[in-house]
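Chemist: mmCIF, C-alpha atoms and all ligand atoms, file coords.cif:
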```cif
data_target
loop_
_atom_site.label_atom_id
_atom_site.label_comp_id
_atom_site.auth_asym_id
_atom_site.auth_seq_id
_atom_site.Cartn_x
_atom_site.Cartn_y
_atom_site.Cartn_z
CA MET A 194 47.79 20.18 -22.97
CA THR A 195 49.47 18.96 -26.14
CA ASP A 196 52.91 20.46 -25.68
CA SER A 197 55.46 18.06 -27.17
CA THR A 198 58.15 19.17 -24.72
CA HIS A 199 56.48 17.19 -21.92
CA TYR A 200 59.05 15.70 -19.69
CA GLU A 201 57.92 12.21 -18.71
CA PRO A 202 60.57 10.28 -16.86
CA LYS A 203 59.93 6.60 -17.34
CA ARG A 204 59.97 5.35 -13.76
CA SER A 205 57.69 8.16 -12.52
CA ALA A 206 55.23 7.35 -15.28
CA GLU A 207 55.18 3.67 -14.26
CA LEU A 208 54.75 4.54 -10.60
CA PHE A 209 51.94 6.96 -11.41
CA GLU A 210 50.14 4.21 -13.35
CA GLU A 211 50.37 1.91 -10.37
CA ALA A 212 49.56 4.64 -7.84
CA GLN A 213 46.28 5.41 -9.59
CA ARG A 214 45.11 1.87 -8.94
CA TYR A 215 45.48 2.19 -5.19
CA ILE A 216 45.35 5.90 -4.34
CA PRO A 217 42.60 8.25 -5.56
CA GLY A 218 44.13 10.16 -8.45
CA GLY A 219 47.46 8.54 -7.60
CA VAL A 220 48.25 11.19 -5.00
CA ASN A 221 47.79 11.94 -1.31
CA SER A 222 47.14 15.66 -1.89
CA PRO A 223 45.49 16.92 -5.09
CA VAL A 224 47.98 19.55 -6.32
CA ARG A 225 50.63 16.82 -6.61
CA ALA A 226 48.72 15.25 -9.51
CA PHE A 227 49.95 17.90 -12.00
CA ARG A 228 46.35 18.66 -13.05
CA GLY A 229 47.32 22.34 -13.05
CA VAL A 230 50.09 21.85 -15.61
CA GLY A 231 49.31 18.60 -17.41
CA GLY A 232 51.70 15.67 -17.82
CA THR A 233 52.90 13.03 -15.41
CA PRO A 234 53.76 13.98 -11.85
CA LEU A 235 57.31 13.23 -10.80
CA PHE A 236 58.05 10.70 -8.10
CA PHE A 237 61.02 11.68 -5.98
CA SER A 238 63.52 9.40 -4.33
CA GLY A 239 65.57 11.95 -2.43
CA GLY A 240 66.61 15.50 -1.81
CA GLN A 241 69.90 17.14 -0.91
CA GLY A 242 70.37 20.85 -0.24
CA ALA A 243 68.61 22.82 -2.99
CA TYR A 244 68.15 19.73 -5.17
CA LEU A 245 65.54 17.03 -5.63
CA LEU A 246 66.27 13.67 -7.22
CA ASP A 247 63.51 11.87 -9.11
CA GLU A 248 63.04 8.12 -9.55
CA ASP A 249 64.88 8.31 -12.91
CA SER A 250 67.88 9.98 -11.23
CA ASN A 251 67.19 13.40 -12.76
CA ARG A 252 68.26 16.27 -10.55
CA TYR A 253 66.25 19.48 -10.18
CA VAL A 254 66.72 22.79 -8.41
CA ASP A 255 63.75 22.73 -6.04
CA TYR A 256 61.51 25.78 -5.56
CA VAL A 257 58.74 23.90 -3.78
CA GLY A 258 60.68 22.94 -0.64
CA ALA A 259 57.96 20.48 0.43
CA TRP A 260 55.52 23.42 0.04
CA GLY A 261 57.47 25.67 2.35
CA PRO A 262 58.94 23.81 5.33
CA LEU A 263 62.41 23.17 3.89
CA ILE A 264 63.76 26.66 4.43
CA LEU A 265 67.22 25.13 5.06
CA GLY A 266 67.04 22.86 2.03
CA HIS A 267 66.83 19.08 2.05
CA CYS A 268 68.67 17.01 4.66
CA HIS A 269 70.16 19.90 6.60
CA PRO A 270 72.74 18.29 8.95
CA ALA A 271 71.40 20.04 12.07
CA VAL A 272 67.87 18.75 11.44
CA ILE A 273 68.96 15.24 10.53
CA SER A 274 71.21 14.99 13.55
CA ALA A 275 68.47 16.22 15.92
CA LEU A 276 66.17 13.57 14.48
CA GLN A 277 68.75 10.83 14.84
CA THR A 278 69.30 11.74 18.47
CA GLN A 279 65.57 11.62 19.17
CA LEU A 280 65.10 8.37 17.20
CA SER A 281 67.35 6.52 19.59
CA LYS A 282 65.26 7.77 22.52
CA GLY A 283 61.84 6.80 21.25
CA LEU A 284 59.13 8.02 18.91
CA GLY A 285 56.53 9.28 21.32
CA TYR A 286 55.25 8.86 24.83
CA GLY A 287 51.74 10.30 24.69
CA ALA A 288 52.85 12.56 27.51
CA SER A 289 54.78 15.76 28.02
CA THR A 290 58.45 16.30 27.19
CA ALA A 291 61.05 18.96 27.98
CA ALA A 292 61.51 19.56 24.25
CA GLU A 293 57.89 20.70 23.93
CA VAL A 294 58.47 23.35 26.57
CA GLU A 295 61.59 24.51 24.77
CA ILE A 296 59.94 24.85 21.38
CA ALA A 297 56.91 26.62 22.90
CA LYS A 298 59.29 29.06 24.61
CA THR A 299 61.16 29.62 21.35
CA ILE A 300 57.94 30.29 19.42
CA CYS A 301 56.73 32.75 22.08
CA LYS A 302 60.08 34.54 21.97
CA LEU A 303 60.24 34.79 18.18
CA VAL A 304 56.60 35.82 17.72
CA PRO A 305 55.84 38.17 20.63
CA SER A 306 52.06 38.27 19.98
CA ILE A 307 52.07 34.57 20.94
CA GLU A 308 51.95 34.43 24.74
CA LYS A 309 50.87 30.79 24.82
CA VAL A 310 50.96 28.18 22.09
CA ARG A 311 49.61 24.69 21.50
CA LEU A 312 51.09 22.20 19.06
CA VAL A 313 48.98 20.17 16.64
CA THR A 314 49.87 17.98 13.65
CA SER A 315 48.91 19.99 10.58
CA GLY A 316 48.10 23.48 9.41
CA THR A 317 44.48 22.50 8.89
CA GLU A 318 44.21 21.40 12.49
CA ALA A 319 45.75 24.69 13.61
CA THR A 320 43.26 26.88 11.73
CA MET A 321 40.30 24.67 12.66
CA SER A 322 41.26 24.87 16.34
CA ALA A 323 41.95 28.62 16.25
CA ILE A 324 38.51 29.27 14.79
CA ARG A 325 36.79 27.10 17.38
CA LEU A 326 38.69 28.95 20.06
CA ALA A 327 37.77 32.37 18.64
CA ARG A 328 34.12 31.32 18.57
CA GLY A 329 34.26 29.97 22.10
CA PHE A 330 35.99 33.08 23.39
CA THR A 331 33.61 35.56 21.74
CA ARG A 332 30.52 33.34 21.98
CA ARG A 333 29.75 34.32 18.38
CA ASP A 334 29.53 32.13 15.27
CA LYS A 335 30.37 34.14 12.16
CA VAL A 336 33.80 33.96 10.54
CA VAL A 337 35.26 36.31 7.93
CA LYS A 338 37.66 35.00 5.31
CA PHE A 339 39.06 36.40 2.07
CA GLU A 340 38.69 35.10 -1.45
CA GLY A 341 41.84 33.34 -2.65
CA CYS A 342 43.13 32.64 0.87
CA TYR A 343 43.49 28.98 1.81
CA HIS A 344 43.42 27.83 5.41
CA GLY A 345 43.55 24.07 4.97
CA HIS A 346 40.53 21.90 4.24
CA VAL A 347 38.41 23.05 7.19
CA ASP A 348 34.70 22.55 6.29
CA GLY A 349 33.51 26.05 7.05
CA LEU A 350 36.41 27.62 5.15
CA LEU A 351 35.96 25.67 1.91
CA VAL A 352 33.86 28.51 0.71
CA LYS A 353 33.64 30.53 -2.43
CA ALA A 354 32.24 34.02 -2.62
CA GLY A 355 28.54 34.28 -3.41
CA SER A 356 27.30 36.57 -6.15
CA GLY A 357 27.28 39.87 -4.27
CA ALA A 358 30.34 41.38 -2.63
CA LEU A 359 28.92 41.04 0.85
CA THR A 360 27.13 37.72 0.67
CA LEU A 361 27.67 34.66 2.76
CA GLY A 362 29.83 32.01 1.19
CA GLU A 363 28.73 28.94 -0.73
CA PRO A 364 30.36 25.52 -0.32
CA ASP A 365 33.38 25.09 -2.57
CA SER A 366 33.39 21.31 -2.12
CA LEU A 367 30.72 18.66 -2.07
CA GLY A 368 30.29 17.27 1.41
CA VAL A 369 30.35 20.67 3.10
CA PRO A 370 26.91 21.43 4.55
CA ARG A 371 25.39 24.70 3.51
CA SER A 372 24.71 25.40 7.19
CA TYR A 373 28.49 25.50 7.80
CA THR A 374 29.33 27.95 5.06
CA ASP A 375 26.33 30.07 6.07
CA GLN A 376 28.51 31.02 9.02
CA THR A 377 31.29 32.36 6.80
CA PHE A 378 31.48 35.77 5.15
CA VAL A 379 33.80 35.95 2.15
CA LEU A 380 35.42 39.26 1.22
CA PRO A 381 37.77 40.30 -1.59
CA TYR A 382 41.44 40.31 -0.50
CA ASN A 383 42.91 43.80 -0.16
CA ASP A 384 39.48 45.47 -0.29
CA ILE A 385 39.41 47.76 2.73
CA ASP A 386 35.99 49.32 2.06
CA ALA A 387 34.24 45.95 1.78
CA MET A 388 35.61 44.99 5.17
CA LYS A 389 34.45 48.25 6.79
CA GLN A 390 31.00 47.82 5.31
CA LEU A 391 30.69 44.23 6.54
CA PHE A 392 31.62 45.22 10.08
CA ALA A 393 29.24 48.18 10.00
CA ASP A 394 26.42 45.75 9.09
CA HIS A 395 27.39 42.62 11.05
CA GLY A 396 30.27 43.52 13.42
CA GLY A 397 28.45 42.28 16.53
CA GLU A 398 28.05 38.75 15.09
CA ILE A 399 31.64 38.26 13.97
CA ALA A 400 33.76 35.88 16.05
CA CYS A 401 36.91 36.33 13.99
CA ILE A 402 38.68 37.32 10.83
CA ILE A 403 41.08 34.72 9.48
CA VAL A 404 43.56 35.94 6.88
CA GLU A 405 46.84 35.04 5.27
CA PRO A 406 48.74 38.27 6.04
CA VAL A 407 50.61 37.62 2.80
CA ALA A 408 48.40 35.54 0.52
CA GLY A 409 50.43 32.54 -0.63
CA ASN A 410 47.72 30.30 -1.98
CA MET A 411 46.72 32.49 -4.94
CA ASN A 412 50.27 32.65 -6.17
CA LEU A 413 51.79 35.41 -3.98
CA VAL A 414 49.87 38.58 -3.18
CA PRO A 415 51.13 40.93 -0.45
CA PRO A 416 48.69 43.07 1.55
CA VAL A 417 48.16 46.64 0.32
CA PRO A 418 48.97 49.40 2.84
CA GLY A 419 46.10 49.74 5.30
CA PHE A 420 44.56 46.31 4.69
CA LEU A 421 45.96 44.54 7.76
CA GLU A 422 45.87 47.75 9.83
CA THR A 423 42.16 48.22 9.12
CA MET A 424 41.28 44.67 10.10
CA ARG A 425 43.20 45.18 13.34
CA GLU A 426 41.20 48.33 14.10
CA LEU A 427 37.87 46.72 13.22
CA CYS A 428 38.55 43.62 15.32
CA THR A 429 39.52 45.78 18.28
CA GLN A 430 36.47 48.01 17.87
CA TYR A 431 33.98 45.13 17.50
CA GLU A 432 35.75 42.75 19.93
CA SER A 433 36.29 40.14 17.24
CA VAL A 434 39.41 37.95 17.24
CA LEU A 435 42.00 38.65 14.55
CA ILE A 436 43.67 35.42 13.37
CA PHE A 437 46.72 35.61 11.15
CA ASP A 438 47.13 32.31 9.37
CA GLU A 439 50.91 32.22 9.19
CA VAL A 440 51.10 28.50 8.37
CA MET A 441 52.98 29.51 5.23
CA THR A 442 54.39 32.94 6.12
CA GLY A 443 55.55 32.09 9.65
CA PHE A 444 59.38 31.94 9.85
CA ARG A 445 59.33 32.27 6.06
CA THR A 446 58.73 35.96 5.33
CA ALA A 447 60.85 36.95 8.35
CA LEU A 448 61.92 35.50 11.70
CA GLY A 449 58.88 37.10 13.36
CA GLY A 450 56.52 36.20 10.50
CA ALA A 451 54.47 38.54 8.33
CA GLN A 452 53.16 40.26 11.47
CA SER A 453 56.68 41.55 12.12
CA VAL A 454 57.12 42.63 8.48
CA TYR A 455 53.92 44.72 8.49
CA GLY A 456 53.89 45.68 12.16
CA VAL A 457 50.32 44.50 12.78
CA THR A 458 49.61 42.36 15.84
CA PRO A 459 46.97 39.62 15.60
CA ASP A 460 45.19 38.09 18.60
CA LEU A 461 45.87 34.53 17.44
CA THR A 462 48.41 33.12 14.98
CA THR A 463 48.42 29.74 13.27
CA LEU A 464 51.70 28.12 12.28
CA GLY A 465 52.78 25.00 10.42
CA LYS A 466 55.15 24.13 7.60
CA VAL A 467 58.51 25.65 8.70
CA ILE A 468 58.05 24.89 12.42
CA GLY A 469 58.05 21.16 11.71
CA GLY A 470 61.29 21.25 9.78
CA GLY A 471 59.64 18.92 7.24
CA LEU A 472 57.73 16.73 9.69
CA PRO A 473 53.97 16.96 10.20
CA VAL A 474 53.30 19.76 12.67
CA GLY A 475 51.14 22.80 13.23
CA ALA A 476 50.56 25.23 16.07
CA PHE A 477 48.20 27.93 17.17
CA GLY A 478 48.83 30.54 19.80
CA GLY A 479 48.31 34.10 20.87
CA ARG A 480 46.87 36.18 23.69
CA ALA A 481 46.98 34.31 26.99
CA ASP A 482 43.41 35.29 27.94
CA ILE A 483 42.15 33.67 24.74
CA MET A 484 44.44 30.62 24.87
CA ASN A 485 43.37 29.98 28.47
CA CYS A 486 39.89 29.12 27.19
CA ILE A 487 41.18 25.78 25.83
CA ALA A 488 40.79 22.51 27.70
CA PRO A 489 41.95 21.64 30.33
CA LEU A 490 41.87 25.27 31.50
CA GLY A 491 38.68 26.31 29.76
CA PRO A 492 35.53 25.11 28.02
CA VAL A 493 36.82 24.99 24.41
CA TYR A 494 37.79 21.42 23.59
CA GLN A 495 40.93 20.62 21.59
CA ALA A 496 43.25 17.60 21.71
CA GLY A 497 45.68 15.45 19.70
CA THR A 498 47.13 11.95 20.17
CA LEU A 499 50.34 12.75 18.30
CA ALA A 500 50.44 16.48 19.14
CA GLY A 501 53.93 17.56 20.15
CA SER A 502 55.45 14.43 18.58
CA PRO A 503 59.05 14.29 19.85
CA LEU A 504 60.35 13.79 16.30
CA ALA A 505 58.48 16.78 14.89
CA VAL A 506 59.51 18.90 17.85
CA ALA A 507 63.17 17.88 17.49
CA ALA A 508 63.19 18.74 13.78
CA GLY A 509 61.32 21.98 14.40
CA GLN A 510 63.60 23.10 17.20
CA ALA A 511 66.72 22.37 15.14
CA MET A 512 65.24 24.41 12.31
CA LEU A 513 64.32 27.30 14.62
CA ASN A 514 67.86 27.32 16.02
CA GLU A 515 69.36 27.62 12.54
CA ILE A 516 67.11 30.39 11.29
CA GLN A 517 67.94 32.57 14.30
CA LYS A 518 71.56 32.83 13.18
CA PRO A 519 72.56 36.41 12.30
CA GLY A 520 71.95 37.38 8.69
CA PHE A 521 69.81 34.34 7.87
CA TYR A 522 66.79 36.27 6.58
CA GLU A 523 68.86 39.01 4.95
CA GLY A 524 70.66 36.33 2.94
CA LEU A 525 67.47 34.45 2.06
CA THR A 526 65.66 37.62 1.01
CA GLN A 527 68.63 38.88 -0.99
CA ARG A 528 69.04 35.60 -2.90
CA THR A 529 65.32 35.47 -3.63
CA SER A 530 65.46 39.06 -4.99
CA GLN A 531 68.54 38.23 -7.04
CA MET A 532 66.75 35.27 -8.63
CA LEU A 533 63.59 37.29 -9.34
CA GLU A 534 65.50 40.23 -10.83
CA GLY A 535 67.29 37.78 -13.11
CA LEU A 536 63.97 36.27 -14.20
CA GLN A 537 62.47 39.71 -14.87
CA GLN A 538 65.46 40.79 -16.99
CA ARG A 539 65.28 37.63 -19.06
CA ALA A 540 61.51 37.86 -19.53
CA ASP A 541 61.83 41.52 -20.57
CA ALA A 542 64.63 40.68 -23.01
CA ALA A 543 62.45 37.96 -24.57
CA GLY A 544 59.46 40.30 -24.76
CA ILE A 545 57.37 38.17 -22.38
CA ALA A 546 54.80 40.04 -20.24
CA PHE A 547 55.84 39.00 -16.75
CA THR A 548 55.92 40.35 -13.21
CA THR A 549 56.89 39.05 -9.77
CA ASN A 550 55.98 39.54 -6.11
CA GLN A 551 58.24 38.76 -3.17
CA VAL A 552 58.14 38.82 0.62
CA GLY A 553 61.28 37.40 2.25
CA GLY A 554 61.95 33.88 0.95
CA MET A 555 58.53 33.58 -0.75
CA PHE A 556 57.86 34.62 -4.29
CA GLY A 557 55.23 34.67 -7.03
CA CYS A 558 55.64 34.86 -10.82
CA PHE A 559 52.83 36.07 -13.06
CA PHE A 560 52.44 35.95 -16.82
CA THR A 561 50.49 39.19 -17.12
CA GLU A 562 50.63 42.67 -18.61
CA GLU A 563 49.82 44.11 -15.17
CA LYS A 564 52.67 45.90 -13.41
CA ALA A 565 51.46 45.10 -9.89
CA VAL A 566 49.31 42.14 -8.85
CA THR A 567 47.34 42.87 -5.67
CA ARG A 568 43.91 41.39 -6.34
CA PHE A 569 42.47 37.90 -6.76
CA GLU A 570 40.88 38.78 -10.14
CA GLN A 571 44.28 39.86 -11.45
CA VAL A 572 45.77 36.52 -10.40
CA MET A 573 42.92 34.64 -12.07
CA ALA A 574 43.34 36.66 -15.27
CA CYS A 575 47.00 35.65 -15.73
CA ASN A 576 47.99 33.56 -18.73
CA VAL A 577 47.72 30.03 -17.32
CA GLU A 578 48.47 28.32 -20.66
CA ARG A 579 51.75 30.19 -20.83
CA PHE A 580 52.56 29.19 -17.26
CA LYS A 581 51.96 25.52 -18.13
CA ARG A 582 54.43 25.70 -21.00
CA TYR A 583 56.92 27.57 -18.83
CA PHE A 584 56.57 24.96 -16.07
CA HIS A 585 57.40 22.10 -18.45
CA LEU A 586 60.23 24.00 -20.14
CA MET A 587 61.76 24.67 -16.73
CA LEU A 588 61.33 21.01 -15.79
CA ASP A 589 63.09 20.01 -19.03
CA ASN A 590 65.95 22.20 -17.88
CA ASN A 591 66.07 20.71 -14.38
CA VAL A 592 64.15 23.30 -12.39
CA TYR A 593 61.18 22.11 -10.33
CA LEU A 594 58.49 24.74 -9.75
CA ALA A 595 55.16 24.27 -8.00
CA PRO A 596 52.91 22.48 -10.51
CA SER A 597 50.23 25.18 -10.50
CA ALA A 598 49.99 28.82 -11.57
CA PHE A 599 48.37 29.61 -8.23
CA GLU A 600 51.07 28.52 -5.80
CA ALA A 601 53.84 30.58 -4.22
CA GLY A 602 57.48 29.57 -4.70
CA PHE A 603 60.08 29.06 -1.99
CA VAL A 604 63.81 29.68 -1.91
CA SER A 605 65.93 27.93 0.73
CA ALA A 606 69.19 28.80 2.41
CA ALA A 607 70.78 26.07 0.28
CA HIS A 608 70.07 28.00 -2.93
CA GLY A 609 73.39 29.65 -3.74
CA ASP A 610 74.90 31.34 -6.78
CA ASP A 611 75.24 28.07 -8.71
CA GLU A 612 71.58 27.16 -8.26
CA ILE A 613 70.43 30.66 -9.19
CA ARG A 614 72.62 30.61 -12.31
CA LEU A 615 71.19 27.23 -13.31
CA THR A 616 67.67 28.58 -12.77
CA LEU A 617 68.27 31.74 -14.79
CA ASP A 618 69.88 29.80 -17.66
CA ALA A 619 66.85 27.52 -17.71
CA ALA A 620 64.49 30.51 -17.65
CA GLU A 621 66.33 32.19 -20.52
CA LYS A 622 65.77 29.10 -22.66
CA ALA A 623 62.17 28.79 -21.48
CA PHE A 624 61.27 32.44 -22.22
CA ALA A 625 62.86 32.14 -25.68
CA ALA A 626 60.74 29.07 -26.41
CA LEU A 627 57.40 30.42 -25.07
C1 LIG B 1 49.35 24.88 3.85
C2 LIG B 1 48.46 25.83 4.51
C3 LIG B 1 47.47 25.41 5.44
C4 LIG B 1 47.16 23.96 5.67
O1 LIG B 1 48.23 23.26 6.23
P1 LIG B 1 48.22 21.64 6.12
O2 LIG B 1 49.41 21.25 6.93
O3 LIG B 1 48.33 21.35 4.67
O4 LIG B 1 46.94 21.16 6.69
C5 LIG B 1 46.75 26.36 6.12
N1 LIG B 1 46.94 27.66 5.90
C6 LIG B 1 47.87 28.12 5.03
C7 LIG B 1 48.06 29.58 4.84
C8 LIG B 1 48.63 27.22 4.29
O5 LIG B 1 49.50 27.67 3.39
#
```
Please render this file's structure as structure tokens.
Ligand SMILES: *Cc1c(COP(=O)(O)O)cnc(C)c1O

Modeler:
Amino acid sequence: MTDSTHYEPKRSAELFEEAQRYIPGGVNSPVRAFRGVGGTPLFFSGGQGAYLLDEDSNRYVDYVGAWGPLILGHCHPAVISALQTQLSKGLGYGASTAAEVEIAKTICKLVPSIEKVRLVTSGTEATMSAIRLARGFTRRDKVVKFEGCYHGHVDGLLVKAGSGALTLGEPDSLGVPRSYTDQTFVLPYNDIDAMKQLFADHGGEIACIIVEPVAGNMNLVPPVPGFLETMRELCTQYESVLIFDEVMTGFRTALGGAQSVYGVTPDLTTLGKVIGGGLPVGAFGGRADIMNCIAPLGPVYQAGTLAGSPLAVAAGQAMLNEIQKPGFYEGLTQRTSQMLEGLQQRADAAGIAFTTNQVGGMFGCFFTEEKAVTRFEQVMACNVERFKRYFHLMLDNNVYLAPSAFEAGFVSAAHGDDEIRLTLDAAEKAFAAL
């Protein structure tokens, strides 16, 4: 991109130079490299509440929130204090702790479909383990996923749709054997008929469906009425396992996750992001009869050296305590709506074709003429060049958005009226300049 408004803080640019000598692409996760927006990625030195501070001491209102976990904002006192307490007691014992029991109990209480839960260290590990478990439980191999949903970098899920609507997937990354993706069916998100047809043809082979109940990795696309309900019915009818990947939506869309918002009960749920309070953690859980198939109780193997890390559990528990306070989600949802309504008004006033999606504290912004975005093709057809300019204009005005047109945004409890005003002022300038 050749936009002259590129914001390139000096110290970040130097660090990025150096980083590229030692780290592939200069980053430890690809989206951080700003390839989706052009320009130099920022290097951050700190965060406080709703704000991030970069290495050049520029301050930004943060709508990434570490990609979701920081629902309380940066450095929330309850989380920091829980961590400090644990730090003085040790970093890990490679054995069980009382805190693990407490967080497991809390998760089972907040998400009633989870009767038993196991902690892991990332979202990828959670989805990988849940799929192995579903296969072990059903003694079937085939997995169904939806185009545009991301479930971490699990081999068999790095799949793109083949040419026909009902074909098996093809690898979406080098290094993924064809024989792995041959086990994965890929369907269009929100296409109820395609799902019914697939089950009519192959229902008896399908171990599980894995789905983001609100898709947050193709910008933000909520499920259409009947989509989640139909997959529940089909999984029950064909005795396949329904896995809701709530790594992003869990404790983010609502206290009980997307399953509580839409009233559809999965057999297994994967969690991550928010439950670690910002530390590396993931979890998978669900029906006791399925969870009891995992080692040491059952024949499905799963393990983790750092699983249930006392630090991650302390941060996660502190976070879960805070978000249970009365009115937490009402406030978060209301502030997110307020921000999005303000953006829409300003885009309309500037004559910019723009629409938004929201579920709880998650949101998506689309530069499109479409009034409602519910399908992957609609997301892909949005004006990405316009998003790139918008991203950099917002950055110039001290608002940090996810550096890709295909990522959801996150509001935290630390985003108050001042931060929303700053965001809307920045957006007004950005829309005028687009
Ligand atoms: C982020 C994410 C993952 C992967 O989690 P990692 O901790 O990055 O491995 C899986 N599923 C969904 C829905 C996600 O948003």

Chemist: Just want the residues within 6 Å of ligand LIG 1 (chain B), written as a list in words, counting only C-alpha atoms and all ligand atoms.

Modeler: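 Checked against 6 Å with only C-alpha atoms and all ligand atoms; the hits are Ser315, Gly316, Thr317, Tyr343, His344, Gly345, Glu405, Asp438, Glu439, Val440 and Met441 of chain A.
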
Chemist: With distances taken over all atoms listed in the file, which residue among A:Gly232, A:Ser597, A:Leu265, A:Asn576 lies nearest Tyr244 in chain A?

Modeler: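 Of the candidates, the smallest distance to Tyr244 in chain A is held by A:Leu265.
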
Chemist: Please compute the CA of Ser250 in chain A-CA of Leu504 in chain A distance, one decimal, in Å.

Modeler: 28.8 Å

Chemist: Which of these, A:Glu308, A:Glu363, A:Asp334, A:Asp394, has the shortest distance to Ala481 in chain A once you count all atoms listed in the file?

Modeler: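 Of A:Glu308, A:Glu363, A:Asp334, A:Asp394, the one nearest Ala481 in chain A, counting all atoms listed in the file, is A:Glu308.
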
Chemist: Up to 10 Å from (62.4, 33.0, -22.7) in the file's coordinates: name the residues, counting all atoms listed in the file, as an MDAnalysis selection string.

Modeler: chainID A and resid 536 539:545 583 586 617:627

Chemist: Find the smallest box with edges along x, y and z containing every listed atom of range 376-387 of chain A, then add 5 Å on each side and report centre and edge lengths in Å to one decimal, as JSON.

Modeler:
```
{"center_x": 35.7, "center_y": 40.2, "center_z": 3.7, "size_x": 24.4, "size_y": 28.3, "size_z": 20.6}
```

Chemist: From the options A:Phe560, A:Phe392, A:Phe339, A:Tyr522, which residue's atoms come nearest to Phe437 in chain A, counting all atoms listed in the file?

Modeler: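 Ranking A:Phe560, A:Phe392, A:Phe339, A:Tyr522 by distance to Phe437 in chain A, first place goes to A:Phe339.
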
Chemist: Residues near Ser605 in chain A, anyone? I mean within 12 Å using only C-alpha atoms, not counting same-chain ones fewer than 3 positions away, as number ranges by chain.

Modeler: A: 241-244, 254-269, 444-446, 467, 516, 521-522, 524-529, 532, 553-556, 602, 608-609, 612-613

Chemist: May I have the residues within 9 Å of Ala327 in chain A as a PyMOL selection string, using all atoms listed in the file and disregarding those fewer than 2 positions away in the same chain?

Modeler: chain A and resi 322-325+329-334+400-401+433-436+461+483

Chemist: I'd like the contact shell of Ser306 in chain A - 12 Å cut-off, all atoms listed in the file, skipping same-chain residues fewer than 3 positions apart - returned as number ranges by chain.

Modeler: A: 300-303, 309-310, 435-437, 449-453, 456-463, 477-481, 483-484

Chemist: Nearest residue to Thr278 in chain A out of A:Ala393, A:Ala507, A:Leu594, A:Cys575, using all atoms listed in the file?

Modeler: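 Distance minimum relative to Thr278 in chain A lands on A:Ala507.
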
Chemist: List as an mmCIF file with C-alpha atoms, keeping the file's coordinate frame the residues having at least one atom at most 12 Å from position (56.9, 7.9, -17.4) as given in the file, counting all atoms listed in the file.

Modeler:
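The new file point_14.cif reads:
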```
data_model
loop_
_atom_site.group_PDB
_atom_site.id
_atom_site.type_symbol
_atom_site.label_atom_id
_atom_site.label_comp_id
_atom_site.auth_asym_id
_atom_site.auth_seq_id
_atom_site.Cartn_x
_atom_site.Cartn_y
_atom_site.Cartn_z
ATOM 1 C CA HIS A 199 56.480 17.190 -21.920
ATOM 2 C CA TYR A 200 59.050 15.700 -19.690
ATOM 3 C CA GLU A 201 57.920 12.210 -18.710
ATOM 4 C CA PRO A 202 60.570 10.280 -16.860
ATOM 5 C CA LYS A 203 59.930 6.600 -17.340
ATOM 6 C CA ARG A 204 59.970 5.350 -13.760
ATOM 7 C CA SER A 205 57.690 8.160 -12.520
ATOM 8 C CA ALA A 206 55.230 7.350 -15.280
ATOM 9 C CA GLU A 207 55.180 3.670 -14.260
ATOM 10 C CA LEU A 208 54.750 4.540 -10.600
ATOM 11 C CA PHE A 209 51.940 6.960 -11.410
ATOM 12 C CA GLU A 210 50.140 4.210 -13.350
ATOM 13 C CA GLU A 211 50.370 1.910 -10.370
ATOM 14 C CA GLY A 232 51.700 15.670 -17.820
ATOM 15 C CA THR A 233 52.900 13.030 -15.410
ATOM 16 C CA PRO A 234 53.760 13.980 -11.850
ATOM 17 C CA LEU A 235 57.310 13.230 -10.800
ATOM 18 C CA PHE A 236 58.050 10.700 -8.100
ATOM 19 C CA ASP A 247 63.510 11.870 -9.110
ATOM 20 C CA GLU A 248 63.040 8.120 -9.550
ATOM 21 C CA ASP A 249 64.880 8.310 -12.910
#
```

Chemist: Could you check the closest approach to Ala511 in chain A for each of A:Ser366, A:Thr548, A:Thr320, A:Gln277 and tell me which residue wins, using only C-alpha atoms?

Modeler: A:Gln277

Chemist: For CA of Thr498 in chain A and CA of Gly287 in chain A, quote the distance in Å rounded to one decimal.

Modeler: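 Value for the CA of Thr498 in chain A-CA of Gly287 in chain A distance: 6.7 Å.
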
Chemist: Smallest atom-to-atom distance to Leu326 in chain A: which of A:Val294, A:Val304, A:Cys486, A:Ile385, using only C-alpha atoms?

Modeler: A:Cys486

Chemist: Which value, in Å to one decimal, gives the distance between CA of Leu312 in chain A and CA of Ile296 in chain A?

Modeler: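 Here the two named atoms are 9.5 Å from each other.
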
Chemist: Near range 410-421 of chain A, counting all atoms listed in the file, which residues have an atom at most 7 Å away, once you skip same-chain residues fewer than 3 positions from it, shown as a list in words?

Modeler: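 Contacts, with the query itself left out: Gly341, Cys342, Tyr343, Asn383, Ile385, Pro406, Val407, Met424, Arg425, Val457, Asn550, Phe556, Gly557, Val566, Thr567, Val572, Ala598, Phe599, Glu600 and Ala601 of chain A.
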